[in-house]
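Participant: Got a structure here, written out as structure tokens. Questions coming.
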Amino acid sequence: MGRALRVGIVDDHPAIASGIPAGLADRVSFAAEPVVATTVGELLAAADGLDVVLLDLRLQDGSEPPANVAALVAAGWPVLLYTQVRQPQVVAECLRAGALGVVGKHESWEVLAEAVRTVADGDAHVNADWAAALQLVMAERPVLAPREAQVVNLYATGLPLKSVARRLGVAEETAKEYLARAKRKYLDAGRPVRTRTELYLRAVEDGLVAPPGERWSDDA
């Protein structure tokens, strides 16, 4: 079963949270009883020196999954996503935030145990199904230059183009050109943006804008 691990679990479904230690008991060696919490903040306050954290993506406290991952990674803890969420874009954002792997809650205890050991060793664990989905998501994500990404962020969240230009210290025509380039890249990726709402949604999907927020319906 390998070395004894200090494990943290963040899940606000009591039956699942309490069932994980039991399901892994014969497959993973625990250095101590796993620390179970319903929020990332609760785990950060209650635990220290964890080897791996199993993180549910959808928590009832309204927290955003990538932010949760980032907070755990900042504490120095490897993160394994353990989820029912079948949204590759959300998972991709969490992997970009520093998570090392993902396991679906429908998968076997053997798969979860292997993933726990792998991530605790600092290695990545993404099975073939997830890898294919994530590869598709990443392939569809256009690579924006830093200025293009800044213009998309500001314009998609409601600033007039003139204000975007002023904030970035460029001419309005220059900001307009950055926006046009970004929109062309989205079109080339098969994800066209015709309105400010669509641009906002694409920016949220690609982690350029933090969700949720007010959405606009005027033409982009």
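How things are named: the first chain in the structure tokens is A, the next is B, and so on; residues count from 1 in each chain; ligands count from 1 in the order shown.
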Once DSSP has gone over the backbone, tell me which residues of stretch 72-164 of chain A are in strand (DSSP E), as a PyMOL selection string.
Facilitator: chain A and resi 79-83+101-104+125-126
Participant: If we count only C-alpha atoms and set the cut-off at 9 Å, which residues sit around A:Val85, ignoring sequence neighbours fewer than 6 positions away in its own chain? Please answer as a VMD selection string.
Facilitator: chain A and resid 56 to 58 91 104 to 105
Participant: Using the chain letters and numbers from this document, which residues of stretch 36-99 of chain A does DSSP assign to alpha helix (DSSP H), as a PyMOL selection string?
Facilitator: chain A and resi 40-46+65-74+88-96
Participant: Would you mind listing what lies within 8 Å of A:Ala97 as a PDB file with N, CA, C and O atoms, in the first residue's frame, with only C-alpha atoms counted and same-chain residues fewer than 3 positions away left out?
Facilitator:
ATOM      1  N   PRO A  66     -11.518  26.579  -9.188  1.00  0.00           N
ATOM      2  CA  PRO A  66     -10.099  26.923  -9.374  1.00  0.00           C
ATOM      3  C   PRO A  66      -9.507  27.673  -8.180  1.00  0.00           C
ATOM      4  O   PRO A  66      -8.343  27.468  -7.829  1.00  0.00           O
ATOM      5  N   ALA A  67     -10.311  28.537  -7.564  1.00  0.00           N
ATOM      6  CA  ALA A  67      -9.825  29.273  -6.388  1.00  0.00           C
ATOM      7  C   ALA A  67      -9.564  28.325  -5.222  1.00  0.00           C
ATOM      8  O   ALA A  67      -8.595  28.493  -4.469  1.00  0.00           O
ATOM      9  N   VAL A  69      -8.694  25.171  -5.490  1.00  0.00           N
ATOM     10  CA  VAL A  69      -7.456  24.457  -5.821  1.00  0.00           C
ATOM     11  C   VAL A  69      -6.248  25.336  -5.511  1.00  0.00           C
ATOM     12  O   VAL A  69      -5.274  24.894  -4.884  1.00  0.00           O
ATOM     13  N   ALA A  70      -6.306  26.583  -5.948  1.00  0.00           N
ATOM     14  CA  ALA A  70      -5.175  27.495  -5.743  1.00  0.00           C
ATOM     15  C   ALA A  70      -4.863  27.674  -4.260  1.00  0.00           C
ATOM     16  O   ALA A  70      -3.691  27.738  -3.869  1.00  0.00           O
ATOM     17  N   GLU A  93      -9.756  24.087 -15.913  1.00  0.00           N
ATOM     18  CA  GLU A  93      -9.414  25.281 -15.138  1.00  0.00           C
ATOM     19  C   GLU A  93      -8.754  24.893 -13.814  1.00  0.00           C
ATOM     20  O   GLU A  93      -7.819  25.559 -13.364  1.00  0.00           O
ATOM     21  N   CYS A  94      -9.256  23.827 -13.195  1.00  0.00           N
ATOM     22  CA  CYS A  94      -8.679  23.377 -11.924  1.00  0.00           C
ATOM     23  C   CYS A  94      -7.280  22.801 -12.114  1.00  0.00           C
ATOM     24  O   CYS A  94      -6.401  22.994 -11.262  1.00  0.00           O
TER      25      CYS A  94
END
Participant: Show me a table, sorted first by chain and then by increasing residue number, of the residues of stretch 47-153 of chain A having an atom at most 12 Å from stretch 192-213 of chain A, each with its shortest atom pair and the distance in Å to one decimal, counting only C-alpha atoms and written as JSON lines.
Facilitator:
{"residue": "A:Gly62", "atom": "CA", "partner": "A:Pro212", "partner_atom": "CA", "distance": 10.1}
{"residue": "A:Ser63", "atom": "CA", "partner": "A:Pro211", "partner_atom": "CA", "distance": 10.3}
{"residue": "A:Glu64", "atom": "CA", "partner": "A:Pro211", "partner_atom": "CA", "distance": 8.0}
{"residue": "A:Pro65", "atom": "CA", "partner": "A:Pro211", "partner_atom": "CA", "distance": 10.6}
{"residue": "A:Pro66", "atom": "CA", "partner": "A:Gly207", "partner_atom": "CA", "distance": 8.9}
{"residue": "A:Ala67", "atom": "CA", "partner": "A:Ala210", "partner_atom": "CA", "distance": 9.6}
{"residue": "A:Gln87", "atom": "CA", "partner": "A:Glu205", "partner_atom": "CA", "distance": 10.6}
{"residue": "A:Pro88", "atom": "CA", "partner": "A:Glu205", "partner_atom": "CA", "distance": 10.2}
{"residue": "A:Gln89", "atom": "CA", "partner": "A:Glu205", "partner_atom": "CA", "distance": 6.5}
{"residue": "A:Val90", "atom": "CA", "partner": "A:Glu205", "partner_atom": "CA", "distance": 7.7}
{"residue": "A:Val91", "atom": "CA", "partner": "A:Glu205", "partner_atom": "CA", "distance": 10.8}
{"residue": "A:Ala92", "atom": "CA", "partner": "A:Asp206", "partner_atom": "CA", "distance": 8.9}
{"residue": "A:Glu93", "atom": "CA", "partner": "A:Gly207", "partner_atom": "CA", "distance": 6.6}
{"residue": "A:Cys94", "atom": "CA", "partner": "A:Gly207", "partner_atom": "CA", "distance": 9.8}
{"residue": "A:Leu95", "atom": "CA", "partner": "A:Gly207", "partner_atom": "CA", "distance": 11.6}
{"residue": "A:Arg96", "atom": "CA", "partner": "A:Gly207", "partner_atom": "CA", "distance": 9.3}
{"residue": "A:Ala97", "atom": "CA", "partner": "A:Gly207", "partner_atom": "CA", "distance": 9.9}
{"residue": "A:Val137", "atom": "CA", "partner": "A:Asp206", "partner_atom": "CA", "distance": 9.3}
{"residue": "A:Met138", "atom": "CA", "partner": "A:Asp206", "partner_atom": "CA", "distance": 9.2}
{"residue": "A:Ala139", "atom": "CA", "partner": "A:Asp206", "partner_atom": "CA", "distance": 11.6}
{"residue": "A:Glu140", "atom": "CA", "partner": "A:Asp206", "partner_atom": "CA", "distance": 9.7}
{"residue": "A:Arg141", "atom": "CA", "partner": "A:Asp206", "partner_atom": "CA", "distance": 6.8}
{"residue": "A:Pro142", "atom": "CA", "partner": "A:Asp206", "partner_atom": "CA", "distance": 8.9}
{"residue": "A:Val143", "atom": "CA", "partner": "A:Asp206", "partner_atom": "CA", "distance": 10.1}
{"residue": "A:Leu144", "atom": "CA", "partner": "A:Leu208", "partner_atom": "CA", "distance": 10.2}
{"residue": "A:Pro146", "atom": "CA", "partner": "A:Leu208", "partner_atom": "CA", "distance": 10.8}
{"residue": "A:Glu148", "atom": "CA", "partner": "A:Leu208", "partner_atom": "CA", "distance": 10.6}
{"residue": "A:Ala149", "atom": "CA", "partner": "A:Leu208", "partner_atom": "CA", "distance": 7.0}
{"residue": "A:Gln150", "atom": "CA", "partner": "A:Leu208", "partner_atom": "CA", "distance": 8.3}
{"residue": "A:Val151", "atom": "CA", "partner": "A:Leu208", "partner_atom": "CA", "distance": 10.2}
{"residue": "A:Val152", "atom": "CA", "partner": "A:Ala203", "partner_atom": "CA", "distance": 7.2}
{"residue": "A:Asn153", "atom": "CA", "partner": "A:Val209", "partner_atom": "CA", "distance": 5.8}
Participant: Residues at most 10 Å from A:Ala180, counting only C-alpha atoms, excluding those fewer than 4 positions away in the same chain, as a VMD selection string?
Facilitator: chain A and resid 148 151 to 152 174 to 176 184 to 186 220
Participant: Of the candidates A:Val164, A:Leu72, A:Ala46, A:Ala120, which shows the shortest atom-to-atom distance to A:Ser29, using only C-alpha atoms?
Facilitator: A:Ala120
Participant: Go through A:Ala75, A:Glu33, A:Asp11, A:Ala156 one by one, measure the shortest atom-to-atom distance of each to A:Gly49 using only C-alpha atoms, and give the residue with the smallest value.
Facilitator: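 Closest to A:Gly49 of all the choices is A:Ala75.
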Participant: Would you kindly return, as a PyMOL selection string, each protein, DNA or RNA residue with an atom no farther than 10 Å from any atom of A:Ile9, considering only C-alpha atoms and excluding same-chain residues fewer than 6 positions away?
Facilitator: chain A and resi 16-18+20-21+34-40+43+52-56+79-80+82
Participant: Just to be explicit: take each residue in the selection above, keep N, CA and C atoms, and write the result as a PDB file, in the first residue's frame.
Facilitator:
ATOM      1  N   ILE A  16     -20.601  10.714   1.544  1.00  0.00           N
ATOM      2  CA  ILE A  16     -19.418  10.527   0.706  1.00  0.00           C
ATOM      3  C   ILE A  16     -18.153  10.793   1.512  1.00  0.00           C
ATOM      4  N   ALA A  17     -18.154  11.907   2.241  1.00  0.00           N
ATOM      5  CA  ALA A  17     -16.960  12.270   3.009  1.00  0.00           C
ATOM      6  C   ALA A  17     -16.578  11.198   4.016  1.00  0.00           C
ATOM      7  N   SER A  18     -17.577  10.643   4.679  1.00  0.00           N
ATOM      8  CA  SER A  18     -17.287   9.615   5.678  1.00  0.00           C
ATOM      9  C   SER A  18     -16.987   8.268   5.034  1.00  0.00           C
ATOM     10  N   ILE A  20     -15.244   7.763   2.193  1.00  0.00           N
ATOM     11  CA  ILE A  20     -13.947   7.687   1.533  1.00  0.00           C
ATOM     12  C   ILE A  20     -12.893   6.998   2.398  1.00  0.00           C
ATOM     13  N   PRO A  21     -12.718   7.386   3.665  1.00  0.00           N
ATOM     14  CA  PRO A  21     -11.715   6.684   4.485  1.00  0.00           C
ATOM     15  C   PRO A  21     -11.980   5.188   4.584  1.00  0.00           C
ATOM     16  N   PRO A  34      -7.900  10.493   8.279  1.00  0.00           N
ATOM     17  CA  PRO A  34      -8.050  11.599   7.322  1.00  0.00           C
ATOM     18  C   PRO A  34      -8.820  12.769   7.935  1.00  0.00           C
ATOM     19  N   VAL A  35      -8.402  13.974   7.596  1.00  0.00           N
ATOM     20  CA  VAL A  35      -9.068  15.188   8.067  1.00  0.00           C
ATOM     21  C   VAL A  35     -10.178  15.528   7.077  1.00  0.00           C
ATOM     22  N   VAL A  36     -11.418  15.541   7.564  1.00  0.00           N
ATOM     23  CA  VAL A  36     -12.575  15.782   6.701  1.00  0.00           C
ATOM     24  C   VAL A  36     -13.129  17.175   6.979  1.00  0.00           C
ATOM     25  N   ALA A  37     -13.397  17.936   5.918  1.00  0.00           N
ATOM     26  CA  ALA A  37     -13.934  19.285   6.051  1.00  0.00           C
ATOM     27  C   ALA A  37     -14.976  19.518   4.969  1.00  0.00           C
ATOM     28  N   THR A  38     -15.868  20.473   5.222  1.00  0.00           N
ATOM     29  CA  THR A  38     -16.910  20.787   4.237  1.00  0.00           C
ATOM     30  C   THR A  38     -16.525  21.953   3.333  1.00  0.00           C
ATOM     31  N   THR A  39     -15.474  22.701   3.717  1.00  0.00           N
ATOM     32  CA  THR A  39     -14.979  23.798   2.892  1.00  0.00           C
ATOM     33  C   THR A  39     -13.460  23.791   2.914  1.00  0.00           C
ATOM     34  N   VAL A  40     -12.871  24.460   1.942  1.00  0.00           N
ATOM     35  CA  VAL A  40     -11.413  24.562   1.901  1.00  0.00           C
ATOM     36  C   VAL A  40     -10.900  25.353   3.097  1.00  0.00           C
ATOM     37  N   LEU A  43     -10.699  23.175   6.129  1.00  0.00           N
ATOM     38  CA  LEU A  43      -9.563  22.250   6.097  1.00  0.00           C
ATOM     39  C   LEU A  43      -8.263  22.977   6.391  1.00  0.00           C
ATOM     40  N   VAL A  52      -1.870  14.790   0.548  1.00  0.00           N
ATOM     41  CA  VAL A  52      -2.793  14.880  -0.578  1.00  0.00           C
ATOM     42  C   VAL A  52      -4.163  15.317  -0.055  1.00  0.00           C
ATOM     43  N   VAL A  53      -4.867  16.100  -0.873  1.00  0.00           N
ATOM     44  CA  VAL A  53      -6.224  16.524  -0.538  1.00  0.00           C
ATOM     45  C   VAL A  53      -7.170  16.083  -1.646  1.00  0.00           C
ATOM     46  N   LEU A  54      -8.232  15.384  -1.262  1.00  0.00           N
ATOM     47  CA  LEU A  54      -9.295  15.030  -2.194  1.00  0.00           C
ATOM     48  C   LEU A  54     -10.320  16.155  -2.161  1.00  0.00           C
ATOM     49  N   LEU A  55     -10.555  16.785  -3.292  1.00  0.00           N
ATOM     50  CA  LEU A  55     -11.403  17.974  -3.344  1.00  0.00           C
ATOM     51  C   LEU A  55     -12.611  17.753  -4.250  1.00  0.00           C
ATOM     52  N   ASP A  56     -13.797  17.942  -3.677  1.00  0.00           N
ATOM     53  CA  ASP A  56     -15.022  17.945  -4.478  1.00  0.00           C
ATOM     54  C   ASP A  56     -15.098  19.285  -5.213  1.00  0.00           C
ATOM     55  N   VAL A  79      -3.284  18.312  -4.819  1.00  0.00           N
ATOM     56  CA  VAL A  79      -4.739  18.249  -4.906  1.00  0.00           C
ATOM     57  C   VAL A  79      -5.181  17.216  -5.938  1.00  0.00           C
ATOM     58  N   LEU A  80      -6.101  16.347  -5.508  1.00  0.00           N
ATOM     59  CA  LEU A  80      -6.747  15.391  -6.399  1.00  0.00           C
ATOM     60  C   LEU A  80      -8.233  15.733  -6.454  1.00  0.00           C
ATOM     61  N   TYR A  82     -11.997  15.002  -6.886  1.00  0.00           N
ATOM     62  CA  TYR A  82     -12.847  13.809  -6.737  1.00  0.00           C
ATOM     63  C   TYR A  82     -14.277  14.287  -6.912  1.00  0.00           C
TER      64      TYR A  82
END
Participant: In Å, with one decimal, what is the gap from atom CA of A:Gly23 to atom CA of A:Glu107?
Facilitator: 11.9 Å
Participant: So how far away is atom CA of A:Val116 from atom CA of A:Gly19, in Å?
Facilitator: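 Separation of atom CA of A:Gly19 and atom CA of A:Val116: 15.1 Å.
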Participant: Could you check which of A:Ala128, A:Leu179, A:Leu59, A:Ala145 is closest to A:Leu161, using only C-alpha atoms?
Facilitator: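 Closest candidate: A:Leu179.
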Participant: Tell me, as a VMD selection string, which residues lie within 12 Å of A:Leu24, counting only C-alpha atoms; anything in the same chain fewer than 6 positions away does not count.
Facilitator: chain A and resid 1 5 7 17 to 18 30 33 to 34 108 to 117
Participant: Just checking: using only C-alpha atoms, which residue out of A:Arg181, A:Arg191, A:Ala15, A:Arg6 ends up closest to A:Leu50?
Facilitator: A:Arg6
Participant: I'd like the interatomic distance between atom CA of A:Asn68 and atom CA of A:Val10, to a tenth of an Å.
Facilitator: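 Interatomic distance, atom CA of A:Asn68 to atom CA of A:Val10: 9.9 Å.
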Participant: Between A:Asp51, A:Leu159, A:Pro14, A:Leu44, which has the minimum distance to A:Ala32 (counting only C-alpha atoms)?
Facilitator: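 Once distances to A:Ala32 are computed over only C-alpha atoms, the minimum belongs to A:Asp51.
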